[in-house]
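Below is input_28.pdb, which holds PDB, C-alpha atoms.
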```pdb
ATOM      1  CA  MET A 145      25.019 150.161  42.304
ATOM      2  CA  ALA A 146      24.302 150.780  45.981
ATOM      3  CA  LEU A 147      22.962 153.519  48.175
ATOM      4  CA  GLN A 148      26.060 155.462  49.326
ATOM      5  CA  LEU A 149      24.486 158.563  50.895
ATOM      6  CA  ASP A 150      21.038 158.831  52.418
ATOM      7  CA  GLY A 151      19.267 161.987  53.548
ATOM      8  CA  ALA A 152      22.074 164.570  53.495
ATOM      9  CA  ALA A 153      20.682 168.079  53.892
ATOM     10  CA  ALA A 154      20.497 169.921  50.581
ATOM     11  CA  VAL A 155      19.961 173.566  49.671
ATOM     12  CA  LEU A 156      19.254 174.881  46.191
ATOM     13  CA  VAL A 157      22.128 177.165  45.200
ATOM     14  CA  GLY A 158      19.730 179.666  43.624
ATOM     15  CA  GLU A 159      17.971 180.189  46.978
ATOM     16  CA  THR A 160      21.150 181.244  48.807
ATOM     17  CA  THR A 161      23.211 184.424  48.772
ATOM     18  CA  ALA A 162      26.414 182.370  48.310
ATOM     19  CA  GLN A 163      26.259 181.672  44.587
ATOM     20  CA  THR A 164      29.753 183.100  44.039
ATOM     21  CA  TYR A 165      32.710 182.677  46.395
ATOM     22  CA  TYR A 166      36.503 182.706  46.584
ATOM     23  CA  THR A 167      39.142 181.549  49.050
ATOM     24  CA  GLY A 168      39.285 184.025  51.919
ATOM     25  CA  GLY A 169      35.884 185.426  51.025
ATOM     26  CA  PRO A 170      32.478 185.183  52.717
ATOM     27  CA  PHE A 171      29.827 182.453  52.487
ATOM     28  CA  THR A 172      26.327 182.675  53.900
ATOM     29  CA  LEU A 173      23.161 180.794  53.127
ATOM     30  CA  GLY A 174      21.268 184.006  53.780
ATOM     31  CA  PRO A 175      17.703 184.618  54.987
ATOM     32  CA  GLY A 176      16.010 182.409  52.409
ATOM     33  CA  PRO A 177      13.363 181.142  52.348
ATOM     34  CA  LEU A 178      15.268 177.894  51.821
ATOM     35  CA  THR A 179      13.338 174.897  50.516
ATOM     36  CA  LYS A 180      13.734 171.968  52.929
ATOM     37  CA  LEU A 181      15.332 169.200  50.863
ATOM     38  CA  SER A 182      17.533 166.175  51.391
ATOM     39  CA  PHE A 183      19.882 164.403  48.999
ATOM     40  CA  SER A 184      20.559 160.702  48.441
ATOM     41  CA  ALA A 185      23.101 159.159  46.072
ATOM     42  CA  ASN A 186      23.813 155.772  44.500
ATOM     43  CA  ASP A 187      27.171 154.634  43.160
ATOM     44  CA  ASN A 188      29.260 151.495  42.687
ATOM     45  CA  ASP A 189      31.964 152.846  45.012
ATOM     46  CA  THR A 190      32.187 155.108  48.064
ATOM     47  CA  ASP A 191      34.050 157.969  46.333
ATOM     48  CA  PHE A 192      32.099 161.054  45.260
ATOM     49  CA  ASP A 193      33.878 162.587  42.250
ATOM     50  CA  SER A 194      33.645 165.384  39.710
ATOM     51  CA  PHE A 195      32.758 164.396  36.149
ATOM     52  CA  GLY A 196      35.651 166.619  35.078
ATOM     53  CA  SER A 197      38.084 164.461  37.040
ATOM     54  CA  LYS A 198      36.427 161.057  36.611
ATOM     55  CA  HIS A 199      34.551 160.995  33.308
ATOM     56  CA  SER A 200      33.764 157.325  33.900
ATOM     57  CA  GLU A 201      31.384 158.360  36.687
ATOM     58  CA  SER A 202      29.056 160.045  34.169
ATOM     59  CA  VAL A 203      28.480 157.164  31.716
ATOM     60  CA  GLY A 204      27.607 153.491  31.843
ATOM     61  CA  PRO A 205      25.572 151.445  34.328
ATOM     62  CA  ASN A 206      27.747 152.500  37.297
ATOM     63  CA  ALA A 207      27.403 156.264  36.842
ATOM     64  CA  GLN A 208      26.868 158.400  39.949
ATOM     65  CA  THR A 209      23.147 159.087  40.379
ATOM     66  CA  GLY A 210      21.239 161.032  42.983
ATOM     67  CA  SER A 211      17.826 162.271  44.060
ATOM     68  CA  LEU A 212      16.457 165.359  45.795
ATOM     69  CA  LEU A 213      13.685 164.556  48.270
ATOM     70  CA  ASN A 214      11.151 166.751  50.049
ATOM     71  CA  THR A 215      10.272 166.637  53.746
ATOM     72  CA  GLU A 216       7.829 163.780  53.093
ATOM     73  CA  GLY A 217      10.592 161.664  51.584
ATOM     74  CA  GLN A 218       9.185 162.007  48.055
ATOM     75  CA  THR A 219      11.570 162.397  45.119
ATOM     76  CA  VAL A 220      11.431 165.907  43.664
ATOM     77  CA  ILE A 221      13.993 165.376  40.914
ATOM     78  CA  SER A 222      16.720 162.860  40.112
ATOM     79  CA  GLY A 223      19.587 162.425  37.684
ATOM     80  CA  LYS A 224      23.316 161.860  37.293
ATOM     81  CA  VAL A 225      25.334 163.841  39.832
ATOM     82  CA  SER A 226      28.789 165.427  39.799
ATOM     83  CA  LEU A 227      30.588 166.819  42.854
ATOM     84  CA  PHE A 228      31.461 170.131  41.171
ATOM     85  CA  ASN A 229      33.581 171.518  44.015
ATOM     86  CA  VAL A 230      34.005 171.316  47.800
ATOM     87  CA  LEU A 231      34.235 174.327  50.112
ATOM     88  CA  THR A 232      35.781 174.313  53.569
ATOM     89  CA  LEU A 233      34.003 176.946  55.654
ATOM     90  CA  THR A 234      35.231 178.340  58.975
ATOM     91  CA  ASP A 235      33.090 180.055  61.589
ATOM     92  CA  PRO A 236      35.062 183.229  62.425
ATOM     93  CA  ALA A 237      33.733 183.276  66.001
ATOM     94  CA  THR A 238      34.325 179.666  67.055
ATOM     95  CA  GLY A 239      36.940 178.416  64.581
ATOM     96  CA  ALA A 240      34.764 175.377  63.787
ATOM     97  CA  SER A 241      34.939 174.199  60.171
ATOM     98  CA  VAL A 242      32.535 172.344  57.916
ATOM     99  CA  GLN A 243      32.666 171.023  54.362
ATOM    100  CA  VAL A 244      30.004 171.942  51.807
ATOM    101  CA  GLY A 245      29.775 170.183  48.466
ATOM    102  CA  ARG A 246      28.379 171.914  45.396
ATOM    103  CA  VAL A 247      26.623 169.255  43.331
ATOM    104  CA  GLU A 248      25.427 169.511  39.757
ATOM    105  CA  MET A 249      22.585 167.192  38.743
ATOM    106  CA  PHE A 250      22.037 166.257  35.095
ATOM    107  CA  GLU A 251      19.289 164.459  33.251
ATOM    108  CA  ASN A 252      19.851 160.708  33.313
ATOM    109  CA  THR A 253      19.863 159.563  29.684
ATOM    110  CA  GLY A 254      20.673 155.942  30.515
ATOM    111  CA  HIS A 255      24.094 154.463  29.865
ATOM    112  CA  GLY A 256      25.136 157.317  27.571
ATOM    113  CA  PRO A 257      26.529 160.712  28.563
ATOM    114  CA  ALA A 258      24.605 162.863  31.027
ATOM    115  CA  GLY A 259      21.952 165.168  29.578
ATOM    116  CA  PRO A 260      21.189 168.824  30.373
ATOM    117  CA  GLN A 261      21.653 170.158  33.909
ATOM    118  CA  VAL A 262      18.462 169.952  35.985
ATOM    119  CA  ALA A 263      19.597 171.173  39.435
ATOM    120  CA  ASN A 264      22.463 172.917  41.196
ATOM    121  CA  ILE A 265      22.610 172.275  44.949
ATOM    122  CA  TYR A 266      24.756 172.443  48.078
ATOM    123  CA  ILE A 267      24.992 169.397  50.312
ATOM    124  CA  LEU A 268      26.110 170.034  53.878
ATOM    125  CA  GLY A 269      28.711 168.036  55.777
ATOM    126  CA  GLY A 270      27.837 169.583  59.146
ATOM    127  CA  PRO A 271      25.788 172.263  60.889
ATOM    128  CA  ILE A 272      25.285 175.450  58.862
ATOM    129  CA  ASP A 273      23.648 178.430  60.545
ATOM    130  CA  PRO A 274      21.933 180.627  57.915
ATOM    131  CA  ALA A 275      22.565 183.688  60.114
ATOM    132  CA  VAL A 276      26.370 183.232  60.192
ATOM    133  CA  THR A 277      28.734 184.589  57.555
ATOM    134  CA  TYR A 278      31.481 181.970  57.235
ATOM    135  CA  THR A 279      34.945 182.417  55.792
ATOM    136  CA  VAL A 280      35.833 180.232  52.795
ATOM    137  CA  SER A 281      39.137 178.788  53.993
ATOM    138  CA  ALA A 282      39.672 176.392  51.048
ATOM    139  CA  ILE A 283      38.089 175.342  47.749
ATOM    140  CA  ASP A 284      38.706 172.074  45.906
ATOM    141  CA  TYR A 285      37.718 172.785  42.323
ATOM    142  CA  ALA A 286      38.380 169.266  41.010
ATOM    143  CA  PRO A 287      37.175 166.585  43.476
ATOM    144  CA  GLY A 288      38.547 163.226  42.407
ATOM    145  CA  SER A 289      41.850 164.479  41.012
ATOM    146  CA  GLY A 290      43.497 164.628  44.444
ATOM    147  CA  PRO A 291      42.598 163.330  47.907
ATOM    148  CA  GLY A 292      39.056 162.050  47.542
ATOM    149  CA  TYR A 293      35.778 162.586  49.351
ATOM    150  CA  THR A 294      33.611 159.728  50.486
ATOM    151  CA  TYR A 295      29.850 160.140  50.434
ATOM    152  CA  SER A 296      29.941 159.947  54.220
ATOM    153  CA  SER A 297      31.773 163.284  54.258
ATOM    154  CA  PHE A 298      28.359 164.877  53.699
ATOM    155  CA  SER A 299      26.238 162.765  56.020
ATOM    156  CA  GLY A 300      25.790 165.358  58.745
ATOM    157  CA  GLY A 301      28.123 164.002  61.366
ATOM    158  CA  GLY A 302      28.468 167.440  62.862
ATOM    159  CA  VAL A 303      25.351 167.252  64.974
ATOM    160  CA  VAL A 304      25.985 167.185  68.726
ATOM    161  CA  CYS A 305      26.042 163.648  70.053
ATOM    162  CA  PHE A 306      27.338 161.272  72.723
ATOM    163  CA  ALA A 307      29.611 158.313  71.978
ATOM    164  CA  GLU A 308      28.150 154.877  72.627
ATOM    165  CA  GLY A 309      28.713 153.712  76.193
ATOM    166  CA  THR A 310      28.334 157.198  77.718
ATOM    167  CA  LEU A 311      26.320 156.996  80.939
ATOM    168  CA  ILE A 312      23.359 159.410  80.976
ATOM    169  CA  LEU A 313      21.526 160.106  84.235
ATOM    170  CA  ALA A 314      17.996 158.815  83.617
ATOM    171  CA  GLU A 315      14.947 158.105  85.720
ATOM    172  CA  GLY A 316      16.081 155.379  88.118
ATOM    173  CA  GLY A 317      19.801 155.955  87.617
ATOM    174  CA  PRO A 318      22.552 156.138  84.965
ATOM    175  CA  LEU A 319      22.016 154.292  81.677
ATOM    176  CA  PRO A 320      24.250 153.857  78.612
ATOM    177  CA  VAL A 321      23.050 156.319  75.991
ATOM    178  CA  GLU A 322      22.324 153.490  73.538
ATOM    179  CA  ALA A 323      19.795 152.015  76.010
ATOM    180  CA  ILE A 324      17.699 155.197  76.138
ATOM    181  CA  ARG A 325      14.600 155.093  73.937
ATOM    182  CA  PRO A 326      11.883 157.609  73.027
ATOM    183  CA  GLY A 327       9.346 157.832  75.836
ATOM    184  CA  MET A 328      11.961 157.299  78.547
ATOM    185  CA  ARG A 329      12.821 160.167  80.912
ATOM    186  CA  VAL A 330      16.226 161.596  81.688
ATOM    187  CA  GLN A 331      17.345 163.999  84.398
ATOM    188  CA  THR A 332      17.754 167.649  83.413
ATOM    189  CA  ALA A 333      19.481 170.425  85.341
ATOM    190  CA  ASP A 334      16.565 172.871  85.114
ATOM    191  CA  ASN A 335      13.274 171.042  84.614
ATOM    192  CA  GLY A 336      13.377 167.774  86.487
ATOM    193  CA  LEU A 337      12.801 164.645  84.424
ATOM    194  CA  GLY A 338      12.417 165.288  80.695
ATOM    195  CA  GLU A 339      10.991 162.896  78.113
ATOM    196  CA  VAL A 340      13.156 161.819  75.181
ATOM    197  CA  ILE A 341      11.140 162.244  71.972
ATOM    198  CA  TRP A 342      13.790 161.133  69.454
ATOM    199  CA  HIS A 343      16.969 159.029  69.571
ATOM    200  CA  GLY A 344      19.291 159.049  66.576
ATOM    201  CA  ARG A 345      22.274 156.773  65.959
ATOM    202  CA  ARG A 346      25.175 156.819  63.510
ATOM    203  CA  ALA A 347      28.206 154.521  63.285
ATOM    204  CA  VAL A 348      31.401 156.112  61.920
ATOM    205  CA  ARG A 349      34.213 153.949  60.564
ATOM    206  CA  ARG A 350      37.950 154.671  60.727
ATOM    207  CA  THR A 351      38.109 155.341  56.978
ATOM    208  CA  GLU A 352      35.423 158.019  57.365
ATOM    209  CA  MET A 353      37.291 159.722  60.213
ATOM    210  CA  VAL A 354      40.511 159.749  58.184
ATOM    211  CA  ALA A 355      38.675 161.299  55.237
ATOM    212  CA  ASP A 356      36.868 163.829  57.463
ATOM    213  CA  PRO A 357      38.668 164.592  60.768
ATOM    214  CA  SER A 358      35.659 166.611  61.985
ATOM    215  CA  LEU A 359      34.051 163.221  62.718
ATOM    216  CA  LEU A 360      36.705 162.411  65.329
ATOM    217  CA  PRO A 361      35.399 162.662  68.914
ATOM    218  CA  VAL A 362      36.823 164.728  71.756
ATOM    219  CA  LEU A 363      37.921 162.894  74.930
ATOM    220  CA  VAL A 364      37.595 164.781  78.231
ATOM    221  CA  ALA A 365      39.589 163.332  81.132
ATOM    222  CA  PRO A 366      37.801 162.708  84.453
ATOM    223  CA  GLY A 367      37.456 165.701  86.718
ATOM    224  CA  PRO A 368      37.391 169.115  85.008
ATOM    225  CA  LEU A 369      33.651 169.180  84.267
ATOM    226  CA  GLY A 370      32.533 167.066  87.209
ATOM    227  CA  ASN A 371      32.737 163.858  85.172
ATOM    228  CA  ASP A 372      33.894 160.843  87.144
ATOM    229  CA  ARG A 373      34.840 158.848  84.038
ATOM    230  CA  PRO A 374      36.319 159.806  80.656
ATOM    231  CA  LEU A 375      33.693 161.549  78.511
ATOM    232  CA  LEU A 376      33.653 161.050  74.729
ATOM    233  CA  VAL A 377      31.496 163.370  72.599
ATOM    234  CA  SER A 378      31.382 164.788  69.088
ATOM    235  CA  ARG A 379      33.519 167.850  68.502
ATOM    236  CA  GLN A 380      30.509 170.204  68.223
ATOM    237  CA  HIS A 381      28.898 169.066  71.462
ATOM    238  CA  ARG A 382      28.433 171.839  74.033
ATOM    239  CA  LEU A 383      29.448 170.926  77.585
ATOM    240  CA  LEU A 384      28.825 172.878  80.778
ATOM    241  CA  LEU A 385      31.866 174.759  82.088
ATOM    242  CA  GLY A 386      30.762 176.758  85.123
ATOM    243  CA  THR A 387      27.584 178.564  84.093
ATOM    244  CA  ARG A 388      28.210 178.556  80.340
ATOM    245  CA  PHE A 389      28.444 176.042  77.514
ATOM    246  CA  ILE A 390      31.717 175.423  75.730
ATOM    247  CA  PRO A 391      31.920 173.426  72.458
ATOM    248  CA  ALA A 392      34.097 170.344  72.929
ATOM    249  CA  ASN A 393      36.396 171.323  70.052
ATOM    250  CA  LEU A 394      37.268 174.560  71.898
ATOM    251  CA  MET A 395      38.072 172.673  75.123
ATOM    252  CA  VAL A 396      41.010 171.083  73.297
ATOM    253  CA  ASP A 397      42.699 174.512  73.190
ATOM    254  CA  LEU A 398      42.355 175.246  76.922
ATOM    255  CA  LYS A 399      45.336 175.153  79.258
ATOM    256  CA  GLY A 400      45.669 172.047  81.390
ATOM    257  CA  GLY A 401      45.605 169.381  78.687
ATOM    258  CA  ARG A 402      42.487 167.676  80.035
ATOM    259  CA  ALA A 403      40.710 167.450  76.670
ATOM    260  CA  ARG A 404      42.037 166.163  73.352
ATOM    261  CA  VAL A 405      40.862 164.942  69.969
ATOM    262  CA  ALA A 406      40.736 161.128  70.114
ATOM    263  CA  LYS A 407      42.729 160.574  66.914
ATOM    264  CA  GLY A 408      43.376 156.885  67.629
ATOM    265  CA  LYS A 409      39.722 155.772  67.571
ATOM    266  CA  LYS A 410      39.137 152.934  65.107
ATOM    267  CA  GLN A 411      35.395 153.575  65.043
ATOM    268  CA  VAL A 412      32.759 155.386  67.052
ATOM    269  CA  THR A 413      28.978 155.171  67.235
ATOM    270  CA  TYR A 414      27.280 158.480  67.957
ATOM    271  CA  HIS A 415      23.864 158.903  69.603
ATOM    272  CA  HIS A 416      21.601 161.990  69.620
ATOM    273  CA  LEU A 417      18.959 162.644  72.293
ATOM    274  CA  LEU A 418      16.173 165.139  71.558
ATOM    275  CA  LEU A 419      13.825 166.440  74.271
ATOM    276  CA  GLU A 420      10.885 168.816  74.024
ATOM    277  CA  ARG A 421      13.227 171.737  74.694
ATOM    278  CA  HIS A 422      16.967 172.247  74.827
ATOM    279  CA  GLU A 423      18.202 170.952  78.185
ATOM    280  CA  VAL A 424      21.338 170.374  80.241
ATOM    281  CA  LEU A 425      21.671 166.606  80.764
ATOM    282  CA  PHE A 426      24.198 164.745  82.919
ATOM    283  CA  ALA A 427      26.739 162.611  81.020
ATOM    284  CA  GLU A 428      29.230 160.742  83.210
ATOM    285  CA  GLY A 429      28.368 163.374  85.848
ATOM    286  CA  ALA A 430      29.166 166.366  83.600
ATOM    287  CA  GLY A 431      26.608 168.833  82.288
ATOM    288  CA  ALA A 432      26.055 168.290  78.552
ATOM    289  CA  GLU A 433      23.453 169.585  76.135
ATOM    290  CA  SER A 434      20.630 167.632  74.561
ATOM    291  CA  LEU A 435      20.166 167.958  70.797
ATOM    292  CA  TYR A 436      19.158 171.518  69.892
ATOM    293  CA  LEU A 437      16.491 171.483  67.187
ATOM    294  CA  GLY A 438      17.427 174.862  65.756
ATOM    295  CA  PRO A 439      18.305 175.836  62.168
ATOM    296  CA  ALA A 440      21.713 174.143  62.275
ATOM    297  CA  SER A 441      20.397 170.705  63.241
ATOM    298  CA  CYS A 442      17.305 170.879  61.041
ATOM    299  CA  ASP A 443      19.394 171.824  58.039
ATOM    300  CA  ILE A 444      21.537 168.692  58.283
ATOM    301  CA  LEU A 445      19.337 165.962  59.744
ATOM    302  CA  GLY A 446      16.798 165.807  56.949
ATOM    303  CA  PRO A 447      13.115 164.797  56.812
ATOM    304  CA  GLY A 448      13.109 162.554  59.890
ATOM    305  CA  LEU A 449      13.805 165.418  62.281
ATOM    306  CA  LEU A 450      12.010 168.096  60.308
ATOM    307  CA  ARG A 451       8.740 166.306  61.060
ATOM    308  CA  LEU A 452       9.461 166.761  64.783
ATOM    309  CA  GLN A 453       9.580 170.552  64.593
ATOM    310  CA  GLY A 454       5.964 170.765  65.739
ATOM    311  CA  THR A 455       6.747 168.524  68.744
ATOM    312  CA  ALA A 456      10.055 169.969  69.952
ATOM    313  CA  ASP A 457      10.497 173.645  70.749
ATOM    314  CA  ALA A 458      13.866 175.006  69.603
ATOM    315  CA  GLY A 459      13.494 178.045  71.866
ATOM    316  CA  PRO A 460      16.645 179.523  73.413
ATOM    317  CA  LEU A 461      19.775 177.570  74.269
ATOM    318  CA  ALA A 462      19.718 176.241  77.828
ATOM    319  CA  ARG A 463      22.903 178.237  78.604
ATOM    320  CA  PRO A 464      24.940 180.980  76.889
ATOM    321  CA  THR A 465      27.910 179.677  74.894
ATOM    322  CA  LEU A 466      31.571 180.633  75.210
ATOM    323  CA  ARG A 467      33.352 181.644  72.023
ATOM    324  CA  ARG A 468      37.032 181.435  71.138
ATOM    325  CA  ALA A 469      37.563 185.072  72.167
ATOM    326  CA  ASP A 470      36.438 184.195  75.710
ATOM    327  CA  LEU A 471      39.083 181.509  76.276
ATOM    328  CA  ALA A 472      42.253 183.511  76.937
ATOM    329  CA  ASP A 473      42.090 183.285  80.732
ATOM    330  CA  LEU A 474      40.398 179.889  81.040
ATOM    331  CA  SER A 475      41.997 176.549  81.847
ATOM    332  CA  LEU A 476      40.952 172.975  82.621
ATOM    333  CA  THR A 477      42.477 171.650  85.830
TER     334      THR A 477
END
```
This structure in structure tokens:
Amino acid sequence: MALQLDGAAAVLVGETTAQTYYTGGPFTLGPGPLTKLSFSANDNDTDFDSFGSKHSESVGPNAQTGSLLNTEGQTVISGKVSLFNVLTLTDPATGASVQVGRVEMFENTGHGPAGPQVANIYILGGPIDPAVTYTVSAIDYAPGSGPGYTYSSFSGGGVVCFAEGTLILAEGGPLPVEAIRPGMRVQTADNGLGEVIWHGRRAVRRTEMVADPSLLPVLVAPGPLGNDRPLLVSRQHRLLLGTRFIPANLMVDLKGGRARVAKGKKQVTYHHLLLERHEVLFAEGAGAESLYLGPASCDILGPGLLRLQGTADAGPLARPTLRRADLADLSLT
């Protein structure tokens, strides 16, 4: 047995308005209140399956087990866990998609069959905004019987981040993002030098990107955003196009062919930079957002970032954001 998933954001199904759903129908977490929880899982392999498809995952010493933790990192409840189904949700405004796993937790009776159900939760594979009504574009009712899901599919890779090696304009000059530490100051477009209060890091392997293409980065060629070198960011990262932000995944659809999904990457290490407020930073010369500590990020980054909510001010976004409907007359040249 080994830890396969650590700190994925979790929401109790009973606290949401999305307890029933169907393909083509709506899904929303709703106004809550939603208990702030995270989910960790142990298994002898990296595949997260349904007990209905893989009965062997529910019995014996190698059964799938998991724990719900509160914002202090304390275990609230634990047991054997089954990936009951997986939803693919699409934001109707931006076209961005995210996977959400519905997990059933059962009493752990030892090496025998699982006991009574003790929890029913959603685990989130990317940013979920409680105010948005998503469209359910697909439902896998039997995870494990077809193409599988790795635990990393629900590790929150959707948070905005820079790829390792990206040069960020800092106090004294450009620095690789991986060299920037909390307490250091970086240049912002609006408020001079801003202090970094949190730096997150996550390495993503090729197998994870194949299993979950939303983890693939977007590559922006030099020039269209003022960048003097290629810029590699996560697909959800908002970049500055004129006076407005545009998510990197939407840039791929613009005329001019200057941005594309980097499908050939063998691995990528992502880095998040959080400041006291949402800011426009300079990455390879282009304007790019810092981590926004709003509902979407807090809901997927777990206890470590939730404790920073009193330090960082979510406030408004540093710039308005373009949506898919705004792109018809835009191009990257």
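Shortest atom-to-atom contact with Val280 (chain A) among A:Asp235, A:Asp189, A:Asp334, A:Glu352: A:Asp235, counting only C-alpha atoms.
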If you take all atoms listed in the file and a cut-off of 9 Å, which residues of region 220-284 of chain A touch region 167-171 of chain A, and what are their nearest atom pairs and distances in Å to one decimal, in chain and number order, as CSV?
```
residue,atom,partner,partner_atom,distance
A:Leu231,CA,A:Thr167,CA,8.8
A:Leu233,CA,A:Phe171,CA,7.6
A:Val276,CA,A:Phe171,CA,8.5
A:Thr277,CA,A:Phe171,CA,5.6
A:Tyr278,CA,A:Phe171,CA,5.1
A:Thr279,CA,A:Pro170,CA,4.8
A:Val280,CA,A:Thr167,CA,5.2
A:Ser281,CA,A:Gly168,CA,5.6
A:Ala282,CA,A:Thr167,CA,5.6
A:Ile283,CA,A:Thr167,CA,6.4
```
Taking the file as I've supplied it (selection: the PyMOL selection byres ((chain A and resi 179-182) around 6)), which residues are included? Please answer as a PyMOL selection string. chain A and resi 151-154+178+183+212-214+446
Store the residues picked out above, limited to C-alpha atoms, as a CSV table (one decimal), in the coordinates of the input.
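To be explicit, this is the file written out as result.csv:
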```csv
chain,number,residue,atom,x,y,z
A,151,GLY,CA,19.3,162.0,53.5
A,152,ALA,CA,22.1,164.6,53.5
A,153,ALA,CA,20.7,168.1,53.9
A,154,ALA,CA,20.5,169.9,50.6
A,178,LEU,CA,15.3,177.9,51.8
A,183,PHE,CA,19.9,164.4,49.0
A,212,LEU,CA,16.5,165.4,45.8
A,213,LEU,CA,13.7,164.6,48.3
A,214,ASN,CA,11.2,166.8,50.0
A,446,GLY,CA,16.8,165.8,56.9
```
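Shell of Gly316 (chain A) at 10 Å, with all atoms listed in the file counted and residues fewer than 6 places along the chain excluded, is Arg329, Val330 and Gln331 of chain A.
Interatomic distance, CA of Phe389 (chain A) to CA of Ala333 (chain A): 13.2 Å.
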Apply the PyMOL selection byres ((chain A and resi 471-476) around 9) to the structure shown and report the selected residues as a compact mmCIF listing (two decimals) with C-alpha atoms, in the frame of the given file.
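Writing done, so here's out.txt:
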```
# COMPACT_ATOMS: atom_id res chain seq x y z
CA PRO A 368 37.39 169.12 85.01
CA LEU A 369 33.65 169.18 84.27
CA LEU A 394 37.27 174.56 71.90
CA MET A 395 38.07 172.67 75.12
CA ASP A 397 42.70 174.51 73.19
CA LEU A 398 42.36 175.25 76.92
CA LYS A 399 45.34 175.15 79.26
CA GLY A 400 45.67 172.05 81.39
CA GLY A 401 45.60 169.38 78.69
CA ARG A 402 42.49 167.68 80.04
CA ALA A 403 40.71 167.45 76.67
CA LEU A 466 31.57 180.63 75.21
CA ARG A 467 33.35 181.64 72.02
CA ARG A 468 37.03 181.44 71.14
CA ALA A 469 37.56 185.07 72.17
CA ASP A 470 36.44 184.20 75.71
CA THR A 477 42.48 171.65 85.83
```
List, as a PyMOL selection string, every residue that the PyMOL selection byres ((chain A and resi 313) around 8) selects in the file provided. chain A and resi 311-312+314-315+317-319+330-331+425-429
Using the selection just defined, write its residues with C-alpha atoms as a PDB file, in the coordinates of the input.
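Saved to part.pdb:
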```pdb
ATOM      1  CA  LEU A 311      26.320 156.996  80.939  1.00  0.00           C
ATOM      2  CA  ILE A 312      23.359 159.410  80.976  1.00  0.00           C
ATOM      3  CA  ALA A 314      17.996 158.815  83.617  1.00  0.00           C
ATOM      4  CA  GLU A 315      14.947 158.105  85.720  1.00  0.00           C
ATOM      5  CA  GLY A 317      19.801 155.955  87.617  1.00  0.00           C
ATOM      6  CA  PRO A 318      22.552 156.138  84.965  1.00  0.00           C
ATOM      7  CA  LEU A 319      22.016 154.292  81.677  1.00  0.00           C
ATOM      8  CA  VAL A 330      16.226 161.596  81.688  1.00  0.00           C
ATOM      9  CA  GLN A 331      17.345 163.999  84.398  1.00  0.00           C
ATOM     10  CA  LEU A 425      21.671 166.606  80.764  1.00  0.00           C
ATOM     11  CA  PHE A 426      24.198 164.745  82.919  1.00  0.00           C
ATOM     12  CA  ALA A 427      26.739 162.611  81.020  1.00  0.00           C
ATOM     13  CA  GLU A 428      29.230 160.742  83.210  1.00  0.00           C
ATOM     14  CA  GLY A 429      28.368 163.374  85.848  1.00  0.00           C
TER      15      GLY A 429
END
```
What's the 7 Å shell around Pro274 (chain A), counting all atoms listed in the file, without same-chain residues fewer than 3 positions away, as a PyMOL selection string? chain A and resi 172-175
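Taking CA of Met249 (chain A) as the reference point, CA of Ala263 (chain A) is found at 5.0 Å.
Picture a line from CA of Glu201 (chain A) to CA of Pro260 (chain A); it runs 15.9 Å.
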List the neighbours of Thr310 (chain A) out to 10 Å using only C-alpha atoms; skip same-chain residues closer than 5 positions along the sequence, and give me the result as a ChimeraX atom specification. /A:318-322,373-377,414-415,427-428
Pick from A:Ala162, A:Ala275, A:Val340, A:Val405, whichever lies nearest to Gly327 (chain A) using only C-alpha atoms: A:Val340
Could N, CA and C atoms be built for region 278-287 of chain A and written out as a compact mmCIF listing (two decimals), keeping the file's coordinate frame?
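Generated file (result_0.txt):
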```
# COMPACT_ATOMS: atom_id res chain seq x y z
N TYR A 278 30.27 182.78 57.09
CA TYR A 278 31.48 181.97 57.24
C TYR A 278 32.58 182.51 56.34
N THR A 279 33.81 182.12 56.65
CA THR A 279 34.94 182.42 55.79
C THR A 279 35.28 181.18 54.96
N VAL A 280 35.44 181.35 53.66
CA VAL A 280 35.83 180.23 52.80
C VAL A 280 37.33 180.03 52.96
N SER A 281 37.72 179.00 53.71
CA SER A 281 39.14 178.79 53.99
C SER A 281 39.83 177.93 52.94
N ALA A 282 39.08 177.19 52.13
CA ALA A 282 39.67 176.39 51.05
C ALA A 282 38.59 176.00 50.05
N ILE A 283 38.99 175.82 48.80
CA ILE A 283 38.09 175.34 47.75
C ILE A 283 38.82 174.28 46.94
N ASP A 284 38.21 173.12 46.79
CA ASP A 284 38.71 172.07 45.91
C ASP A 284 37.86 172.12 44.64
N TYR A 285 38.47 172.59 43.55
CA TYR A 285 37.72 172.78 42.32
C TYR A 285 37.63 171.52 41.47
N ALA A 286 38.37 170.48 41.83
CA ALA A 286 38.38 169.27 41.01
C ALA A 286 38.35 168.03 41.89
N PRO A 287 37.25 167.79 42.63
CA PRO A 287 37.17 166.58 43.48
C PRO A 287 37.39 165.32 42.64
```
